[in-house]
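To start, the structure under review is shown below, and the notes come after it.
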Amino acid sequence: ENTTDEEQNNENQEENTESVSTQIGKTVEEAIRKGFQVVAATGRPFSALPESVLGIKGLDYVICSNGAHIVDLSTGAFIYSDYLSSAASGWCRDSFRSLGFPVEVFSEGKAYTCRERYERCRAGIGVVEGAEYVLRTRIPVDDIWDVWTEHIDKIENINIIFDDREDKLKVWDYLRSQEKPIGFTVTSSTSYNLEIGGADTSKAHALSEFAAIS
């Protein structure tokens with residue numbers, strides 16, 4: 001399902017939320033004490049989860065990367081994963097490489113970004129919204145395409161970054177036409193990005209999977 005920038009509650013909307021408030025944390029802990037099964041759901045990769053979430057007493061599971069993983073916090077193990085298929089991942093890699101926009105790839109709970117994107121955030125060039133979050137949570141690499149190829153069958157999420165909203169809309173229209181034939185989902189949470197996940201990846205789908213296995 002495609003949503004507008006304002007409707008999508010995704011990773012980039014969380015960039016400026018550094019922590020869960022004390023009141024929310026206490027409310028969640030109280031619900032857990034009363035016997036409710038609470039599962040946190042976020043667009044962030046596992047490596048970018050704030051301590052205020054990880055430190056909630058009794059919270060055992062977290063849905064990460066827009067639904068690509070369910071993580072057992074007691075072990076750090078993924079009990080459910082939903083990656084892009086190797087074919088879809090390869091198609092996206094080749095297509096996005098030809099477009100020339102900065103990209104980020106999430107794999108196995110870690111977020112890799114092209115060094116150009118990282119250095120632009122450091123220097124405050126172009127899109128700088130969420131720059132501190134990027135610098136704190138991304139692993140900069142010299143060749144993002146090599147990293148992508150190395151993890152071709154373990155790509156959980158892809159970000160494409162735009163300076164120009166018109167460029168974003170043109171690419172979005174094209175990707176929408178390819179979603180079902182290739183097998184991926186495309187969403188957006190801000191004016192400067194597109195996010196690509198697996199064919200069935202969503203927080204709602206992951207929550208349904210959790211209900212089935214718990």
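Ligands are numbered from 1 in the order shown, residues from 1 within each chain, and chains are lettered A, B, ... in the order they appear in the structure tokens.
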>> List as a ChimeraX atom specification the protein and nucleic acid residues near Ala206 in chain A, meaning an atom at most 12 Å away when only C-alpha atoms are counted, but skip any in the same chain fewer than 3 places from it.
In response: /A:39-43,61-71,78-83,198,200-203,209-214
Using only C-alpha atoms, I'd like a table of the residues in range 69-103 of chain A that come within 12 Å of range 182-191 of chain A; for each, show the closest atom pair and its distance in Å rounded to one decimal, ordered by chain and ascending number, as a Markdown table.
```
| residue | atom | partner | partner_atom | distance |
| --- | --- | --- | --- | --- |
| A:Asp82 | CA | A:Phe184 | CA | 10.9 |
| A:Tyr83 | CA | A:Phe184 | CA | 9.5 |
| A:Leu84 | CA | A:Phe184 | CA | 6.7 |
| A:Ser85 | CA | A:Gly183 | CA | 7.6 |
| A:Ser86 | CA | A:Gly183 | CA | 10.2 |
| A:Ala87 | CA | A:Ile182 | CA | 7.7 |
| A:Ala88 | CA | A:Ile182 | CA | 5.6 |
| A:Ser89 | CA | A:Phe184 | CA | 8.6 |
| A:Gly90 | CA | A:Ile182 | CA | 10.1 |
| A:Trp91 | CA | A:Ile182 | CA | 7.7 |
| A:Cys92 | CA | A:Ile182 | CA | 9.0 |
| A:Ser95 | CA | A:Ile182 | CA | 11.7 |
```
Per-residue nearest contacts of range 17-77 of chain A to range 107-110 of chain A (6 Å; only C-alpha atoms) as a Markdown table:
```
| residue | atom | partner | partner_atom | distance |
| --- | --- | --- | --- | --- |
| A:Pro45 | CA | A:Gly109 | CA | 5.0 |
| A:Phe46 | CA | A:Gly109 | CA | 4.7 |
| A:Ser47 | CA | A:Lys110 | CA | 5.6 |
```
Emit the selected residues as a PDB file, in the first residue's frame, including N, CA, C and O atoms.
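result-v4.pdb written:
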```pdb
ATOM      1  N   PRO A  45      16.539   0.162  11.811  1.00  0.00           N
ATOM      2  CA  PRO A  45      17.227  -1.122  11.886  1.00  0.00           C
ATOM      3  C   PRO A  45      17.546  -1.422  13.343  1.00  0.00           C
ATOM      4  O   PRO A  45      17.575  -0.518  14.187  1.00  0.00           O
ATOM      5  N   PHE A  46      17.804  -2.682  13.651  1.00  0.00           N
ATOM      6  CA  PHE A  46      18.043  -3.080  15.040  1.00  0.00           C
ATOM      7  C   PHE A  46      19.197  -2.293  15.662  1.00  0.00           C
ATOM      8  O   PHE A  46      19.142  -1.899  16.827  1.00  0.00           O
ATOM      9  N   SER A  47      20.244  -2.031  14.878  1.00  0.00           N
ATOM     10  CA  SER A  47      21.425  -1.341  15.409  1.00  0.00           C
ATOM     11  C   SER A  47      21.145   0.098  15.804  1.00  0.00           C
ATOM     12  O   SER A  47      21.941   0.710  16.518  1.00  0.00           O
TER      13      SER A  47
END
```
> Near Asn157 in chain A, within 6 Å and counting only C-alpha atoms, which residues show up once chain neighbours fewer than 4 positions away are dropped, as a ChimeraX atom specification?
Replying inline: /A:105-106,196-197
Save out the residues we just selected, C-alpha atoms, as an mmCIF file, in the first residue's frame.
```cif
data_model
loop_
_atom_site.group_PDB
_atom_site.id
_atom_site.type_symbol
_atom_site.label_atom_id
_atom_site.label_comp_id
_atom_site.auth_asym_id
_atom_site.auth_seq_id
_atom_site.Cartn_x
_atom_site.Cartn_y
_atom_site.Cartn_z
ATOM 1 C CA VAL A 105 20.962 -0.412 2.381
ATOM 2 C CA PHE A 106 19.938 -2.217 5.554
ATOM 3 C CA ILE A 196 11.995 -0.092 -0.649
ATOM 4 C CA GLY A 197 11.299 -3.345 1.161
#
```
> Taking the backbone alone, and naming residues the way the document does, which bits of range 94-144 of chain A are strand (DSSP E or B) by DSSP, as a ChimeraX atom specification?
Replying inline: /A:103-107,110-114,139-141
> Can you list, as a list in words, every protein, DNA or RNA residue that comes within 8 Å of range 113-127 of chain A when you count only C-alpha atoms, leaving out same-chain residues fewer than 5 positions away?
Replying inline: Pro102, Val103, Glu104, Val105, Glu132, Val134, Leu135, Arg138, Ile139, Pro140, Val141, Asp142, Asp143, Ile144, Phe162, Asp163 and Tyr192 of chain A
Restrict the selected residues to C-alpha atoms and save them as an mmCIF file, in the first residue's frame.
```cif
data_model
loop_
_atom_site.group_PDB
_atom_site.id
_atom_site.type_symbol
_atom_site.label_atom_id
_atom_site.label_comp_id
_atom_site.auth_asym_id
_atom_site.auth_seq_id
_atom_site.Cartn_x
_atom_site.Cartn_y
_atom_site.Cartn_z
ATOM 1 C CA PRO A 102 22.694 8.395 -2.967
ATOM 2 C CA VAL A 103 21.416 5.159 -1.465
ATOM 3 C CA GLU A 104 21.468 3.315 1.844
ATOM 4 C CA VAL A 105 20.962 -0.412 2.381
ATOM 5 C CA GLU A 132 22.873 13.777 13.219
ATOM 6 C CA VAL A 134 22.541 9.450 9.977
ATOM 7 C CA LEU A 135 26.001 10.175 11.359
ATOM 8 C CA ARG A 138 24.939 4.614 9.552
ATOM 9 C CA ILE A 139 28.075 2.750 8.537
ATOM 10 C CA PRO A 140 29.745 4.714 5.713
ATOM 11 C CA VAL A 141 31.258 2.613 2.936
ATOM 12 C CA ASP A 142 33.308 3.604 -0.094
ATOM 13 C CA ASP A 143 31.426 1.343 -2.505
ATOM 14 C CA ILE A 144 27.811 0.827 -1.497
ATOM 15 C CA PHE A 162 16.802 13.060 -3.119
ATOM 16 C CA ASP A 163 17.614 16.762 -2.982
ATOM 17 C CA TYR A 192 13.517 13.529 0.458
#
```
> Among chain A, which residues carry a DSSP assignment of helix (DSSP H, G or I), reported as a ChimeraX atom specification?
Replying inline: /A:11-14,22-33,46-48,51-54,65-67,86-99,115-123,131-137,144-150,165-183,203-213
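Pairwise distance (CA of Gly55 in chain A, CA of Ile158 in chain A) equals 27.7 Å.
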> What does the distance from CA of Asp153 in chain A to CA of Ala199 in chain A come to in Å, to one decimal?
Replying inline: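 Going from CA of Asp153 in chain A over to CA of Ala199 in chain A, I get 13.6 Å.
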> What separation in Å, quoted to one decimal, exists between CA of Trp148 in chain A and CA of Leu99 in chain A?
Replying inline: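 Going from CA of Trp148 in chain A over to CA of Leu99 in chain A, I get 15.7 Å.
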>> Under the rule that only C-alpha atoms are counted, which of A:Lys154, A:Lys26, A:Lys180, A:His205 is the nearest residue to Leu59 in chain A?
In response: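 So, comparing all the options, the nearest one is A:Lys26.
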